[in-house]
Each structure stands twice: as C-alpha cells, then as structure tokens.
$ cat work-v4.cif   # mmCIF, C-alpha atoms, pLDDT in the B column; chains and numbers go by the auth columns
data_my_file
loop_
_atom_site.group_PDB
_atom_site.id
_atom_site.type_symbol
_atom_site.label_atom_id
_atom_site.label_comp_id
_atom_site.label_asym_id
_atom_site.label_seq_id
_atom_site.Cartn_x
_atom_site.Cartn_y
_atom_site.Cartn_z
_atom_site.B_iso_or_equiv
_atom_site.auth_seq_id
_atom_site.auth_asym_id
ATOM 1 C CA MET A 1 -12.194 -34.205 11.324 72.00 1 G
ATOM 2 C CA ARG A 2 -14.715 -31.453 11.900 74.00 2 G
ATOM 3 C CA LYS A 3 -12.213 -29.399 13.917 73.00 3 G
ATOM 4 C CA ILE A 4 -9.679 -29.580 11.067 72.00 4 G
ATOM 5 C CA LEU A 5 -12.286 -28.417 8.571 65.00 5 G
ATOM 6 C CA ILE A 6 -13.320 -25.477 10.751 73.00 6 G
ATOM 7 C CA ALA A 7 -9.695 -24.488 11.338 69.00 7 G
ATOM 8 C CA THR A 8 -8.965 -24.695 7.598 68.00 8 G
ATOM 9 C CA LEU A 9 -11.967 -22.546 6.718 62.00 9 G
ATOM 10 C CA ALA A 10 -11.010 -20.010 9.370 68.00 10 G
ATOM 11 C CA LEU A 11 -7.386 -19.715 8.223 63.00 11 G
ATOM 12 C CA ALA A 12 -7.936 -19.787 4.441 60.00 12 G
ATOM 13 C CA PRO A 13 -8.777 -16.054 4.079 61.00 13 G
ATOM 14 C CA ILE A 14 -5.629 -15.139 5.973 60.00 14 G
ATOM 15 C CA ALA A 15 -3.522 -17.287 3.653 55.00 15 G
ATOM 16 C CA PHE A 16 -5.120 -15.752 0.542 51.00 16 G
ATOM 17 C CA ALA A 17 -4.589 -12.226 1.856 52.00 17 G
ATOM 18 C CA GLY A 18 -0.963 -13.081 2.566 51.00 18 G
ATOM 19 C CA ALA A 19 -0.488 -14.368 -0.967 51.00 19 G
ATOM 20 C CA ALA A 20 -1.979 -11.207 -2.474 49.00 20 G
ATOM 21 C CA GLN A 21 0.186 -9.088 -0.220 50.00 21 G
ATOM 22 C CA ALA A 22 3.346 -10.976 -1.190 54.00 22 G
ATOM 23 C CA GLN A 23 2.645 -10.598 -4.905 63.00 23 G
ATOM 24 C CA GLY A 24 2.093 -6.866 -4.514 72.00 24 G
ATOM 25 C CA THR A 25 5.206 -6.489 -2.376 78.00 25 G
ATOM 26 C CA VAL A 26 7.551 -8.192 -4.821 81.00 26 G
ATOM 27 C CA ARG A 27 6.122 -6.493 -7.893 80.00 27 G
ATOM 28 C CA GLY A 28 6.144 -3.092 -6.162 81.00 28 G
ATOM 29 C CA ALA A 29 9.728 -3.507 -4.981 82.00 29 G
ATOM 30 C CA GLN A 30 10.940 -4.528 -8.440 83.00 30 G
ATOM 31 C CA ARG A 31 9.270 -1.595 -10.132 84.00 31 G
ATOM 32 C CA GLY A 32 10.414 0.793 -7.405 83.00 32 G
ATOM 33 C CA VAL A 33 14.038 -0.288 -7.803 84.00 33 G
ATOM 34 C CA GLU A 34 13.867 0.084 -11.594 85.00 34 G
ATOM 35 C CA ASP A 35 12.215 3.508 -11.529 84.00 35 G
ATOM 36 C CA GLY A 36 14.334 4.770 -8.642 82.00 36 G
ATOM 37 C CA SER A 37 17.583 3.629 -10.248 82.00 37 G
ATOM 38 C CA ALA A 38 16.662 5.295 -13.512 84.00 38 G
ATOM 39 C CA ALA A 39 15.791 8.549 -11.783 84.00 39 G
ATOM 40 C CA ALA A 40 18.468 8.860 -9.102 81.00 40 G
ATOM 41 C CA GLY A 41 21.039 6.095 -9.436 82.00 41 G
ATOM 42 C CA PRO A 42 21.836 3.558 -6.709 82.00 42 G
ATOM 43 C CA VAL A 43 20.392 5.623 -3.853 83.00 43 G
ATOM 44 C CA GLY A 44 17.179 6.088 -5.794 82.00 44 G
ATOM 45 C CA GLY A 45 17.034 2.343 -6.334 83.00 45 G
ATOM 46 C CA VAL A 46 17.210 1.657 -2.600 83.00 46 G
ATOM 47 C CA VAL A 47 14.607 4.270 -1.730 84.00 47 G
ATOM 48 C CA GLY A 48 12.419 3.308 -4.687 84.00 48 G
ATOM 49 C CA GLY A 49 12.538 -0.338 -3.687 84.00 49 G
ATOM 50 C CA ALA A 50 11.398 0.409 -0.145 86.00 50 G
ATOM 51 C CA VAL A 51 8.639 2.765 -1.245 85.00 51 G
ATOM 52 C CA GLY A 52 7.569 0.433 -4.041 84.00 52 G
ATOM 53 C CA ALA A 53 7.376 -2.532 -1.669 83.00 53 G
ATOM 54 C CA ALA A 54 5.207 -0.571 0.749 84.00 54 G
ATOM 55 C CA THR A 55 2.960 0.680 -2.031 83.00 55 G
ATOM 56 C CA GLY A 56 2.709 -2.788 -3.582 82.00 56 G
ATOM 57 C CA THR A 57 1.818 -4.317 -0.223 78.00 57 G
ATOM 58 C CA VAL A 58 -0.995 -1.847 0.349 78.00 58 G
ATOM 59 C CA GLY A 59 -2.198 -2.318 -3.225 76.00 59 G
ATOM 60 C CA GLY A 60 -2.102 -6.103 -2.870 71.00 60 G
ATOM 61 C CA VAL A 61 -4.111 -6.046 0.339 69.00 61 G
ATOM 62 C CA LEU A 62 -6.686 -3.618 -1.051 72.00 62 G
ATOM 63 C CA GLY A 63 -6.828 -5.405 -4.399 68.00 63 G
ATOM 64 C CA THR A 64 -6.117 -2.390 -6.581 69.00 64 G
ATOM 65 C CA ASP A 65 -5.520 -2.797 -10.295 65.00 65 G
ATOM 66 C CA PRO A 66 -1.768 -2.914 -11.020 65.00 66 G
ATOM 67 C CA ASP A 67 -2.305 -1.942 -14.650 71.00 67 G
ATOM 68 C CA PRO A 68 -4.914 0.805 -15.123 74.00 68 G
ATOM 69 C CA ALA A 69 -3.765 1.291 -18.722 78.00 69 G
ATOM 70 C CA ARG A 70 -4.913 -2.252 -19.521 76.00 70 G
ATOM 71 C CA ARG A 71 -8.339 -1.480 -18.128 78.00 71 G
ATOM 72 C CA ALA A 72 -8.522 1.680 -20.251 83.00 72 G
ATOM 73 C CA ARG A 73 -7.588 -0.293 -23.394 84.00 73 G
ATOM 74 C CA GLU A 74 -10.268 -2.873 -22.652 84.00 74 G
ATOM 75 C CA ASN A 75 -12.870 -0.144 -22.147 85.00 75 G
ATOM 76 C CA ARG A 76 -11.953 1.514 -25.459 88.00 76 G
ATOM 77 C CA ARG A 77 -12.131 -1.833 -27.257 87.00 77 G
ATOM 78 C CA GLU A 78 -15.570 -2.568 -25.775 89.00 78 G
ATOM 79 C CA GLU A 79 -16.820 0.900 -26.745 90.00 79 G
ATOM 80 C CA ARG A 80 -15.531 0.413 -30.295 89.00 80 G
ATOM 81 C CA ILE A 81 -17.273 -2.948 -30.603 88.00 81 G
ATOM 82 C CA GLU A 82 -20.529 -1.505 -29.249 90.00 82 G
ATOM 83 C CA ARG A 83 -20.309 1.406 -31.698 89.00 83 G
ATOM 84 C CA GLN A 84 -19.754 -0.991 -34.611 88.00 84 G
ATOM 85 C CA GLU A 85 -22.719 -3.080 -33.524 88.00 85 G
ATOM 86 C CA ARG A 86 -24.937 0.003 -33.371 88.00 86 G
ATOM 87 C CA LEU A 87 -23.873 1.009 -36.875 87.00 87 G
ATOM 88 C CA GLY A 88 -24.483 -2.502 -38.169 80.00 88 G
ATOM 89 C CA ARG A 89 -20.923 -3.260 -39.257 68.00 89 G
#

$ encode --input "work-v4.cif" --output "structure tokens"
Amino acid sequence: MRKILIATLALAPIAFAGAAQAQGTVRGAQRGVEDGSAAAGPVGGVVGGAVGAATGTVGGVLGTDPDPARRARENRREERIERQERLGR
C-alpha cells in the first residue's frame, strides 16, 4: 500500500503538467488556425496551427495567462472600487 502511495505522489505532478500542456496545446492550435486562416488562407491556417500549438504548449507548461486583457479589466475594476471607497461613495 505504501509503495502505491509513494508512486502516486511521485507521478501526480507529471500528470498535472501534462494536463496543463494539453490544454495550452489545443487552445493554441485552435487560435493559430483561426488567425492564420484569416490572415493568409489555408496555408496560413496550417502554419498558424503549428505555431499556435507550440506557443500554447510552452504557455501551458510555464503557466502564462492566456487572457491578459481579462487581467487588465480586473485591475481597472479594482482600482475603480478603491477610488470610490477613498472618496466615500
């Protein structure tokens, strides 16, 4: 029983990293195909898909934020709330 627990704890980080990588890969490939197709037609879609998958994989492994615009909106909202609290509104 103890050996199974140790093996599970040792392999869990690898499984989680693989899941993050897969999510980044699929999302990156989809966006790459869409952007590449819009910019350069079918050939752009193929190239964009490959580049997007590679970029998404790296981003998934490193844990980068896929939506920096969302983070910027949240920061602006927090600043607005803080400003209203300072002014007593």

$ atom_distance --input "work-v4.cif" --atom1 "CA of Val46 (chain G)" --atom2 "CA of Gly32 (chain G)"
8.4 Å

$ atom_distance --input "work-v4.cif" --atom1 "CA of Glu34 (chain G)" --atom2 "CA of Thr55 (chain G)"
14.5 Å

$ atom_distance --input "work-v4.cif" --atom1 "CA of Gly45 (chain G)" --atom2 "CA of Arg31 (chain G)"
9.5 Å

$ resolve_selection --input "work-v4.cif" --expression "the PyMOL selection byres ((chain G and resi 52) around 10)" --output "number ranges by chain"
G: 24-36, 45-51, 53-58

$ write_last_selection --input "work-v4.cif" --atoms "C-alpha atoms" --output "compact mmCIF listing (two decimals), in the frame of the given file"
# COMPACT_ATOMS: atom_id res chain seq x y z
CA GLY G 24 2.09 -6.87 -4.51
CA THR G 25 5.21 -6.49 -2.38
CA VAL G 26 7.55 -8.19 -4.82
CA ARG G 27 6.12 -6.49 -7.89
CA GLY G 28 6.14 -3.09 -6.16
CA ALA G 29 9.73 -3.51 -4.98
CA GLN G 30 10.94 -4.53 -8.44
CA ARG G 31 9.27 -1.60 -10.13
CA GLY G 32 10.41 0.79 -7.40
CA VAL G 33 14.04 -0.29 -7.80
CA GLU G 34 13.87 0.08 -11.59
CA ASP G 35 12.22 3.51 -11.53
CA GLY G 36 14.33 4.77 -8.64
CA GLY G 45 17.03 2.34 -6.33
CA VAL G 46 17.21 1.66 -2.60
CA VAL G 47 14.61 4.27 -1.73
CA GLY G 48 12.42 3.31 -4.69
CA GLY G 49 12.54 -0.34 -3.69
CA ALA G 50 11.40 0.41 -0.14
CA VAL G 51 8.64 2.76 -1.25
CA ALA G 53 7.38 -2.53 -1.67
CA ALA G 54 5.21 -0.57 0.75
CA THR G 55 2.96 0.68 -2.03
CA GLY G 56 2.71 -2.79 -3.58
CA THR G 57 1.82 -4.32 -0.22
CA VAL G 58 -1.00 -1.85 0.35
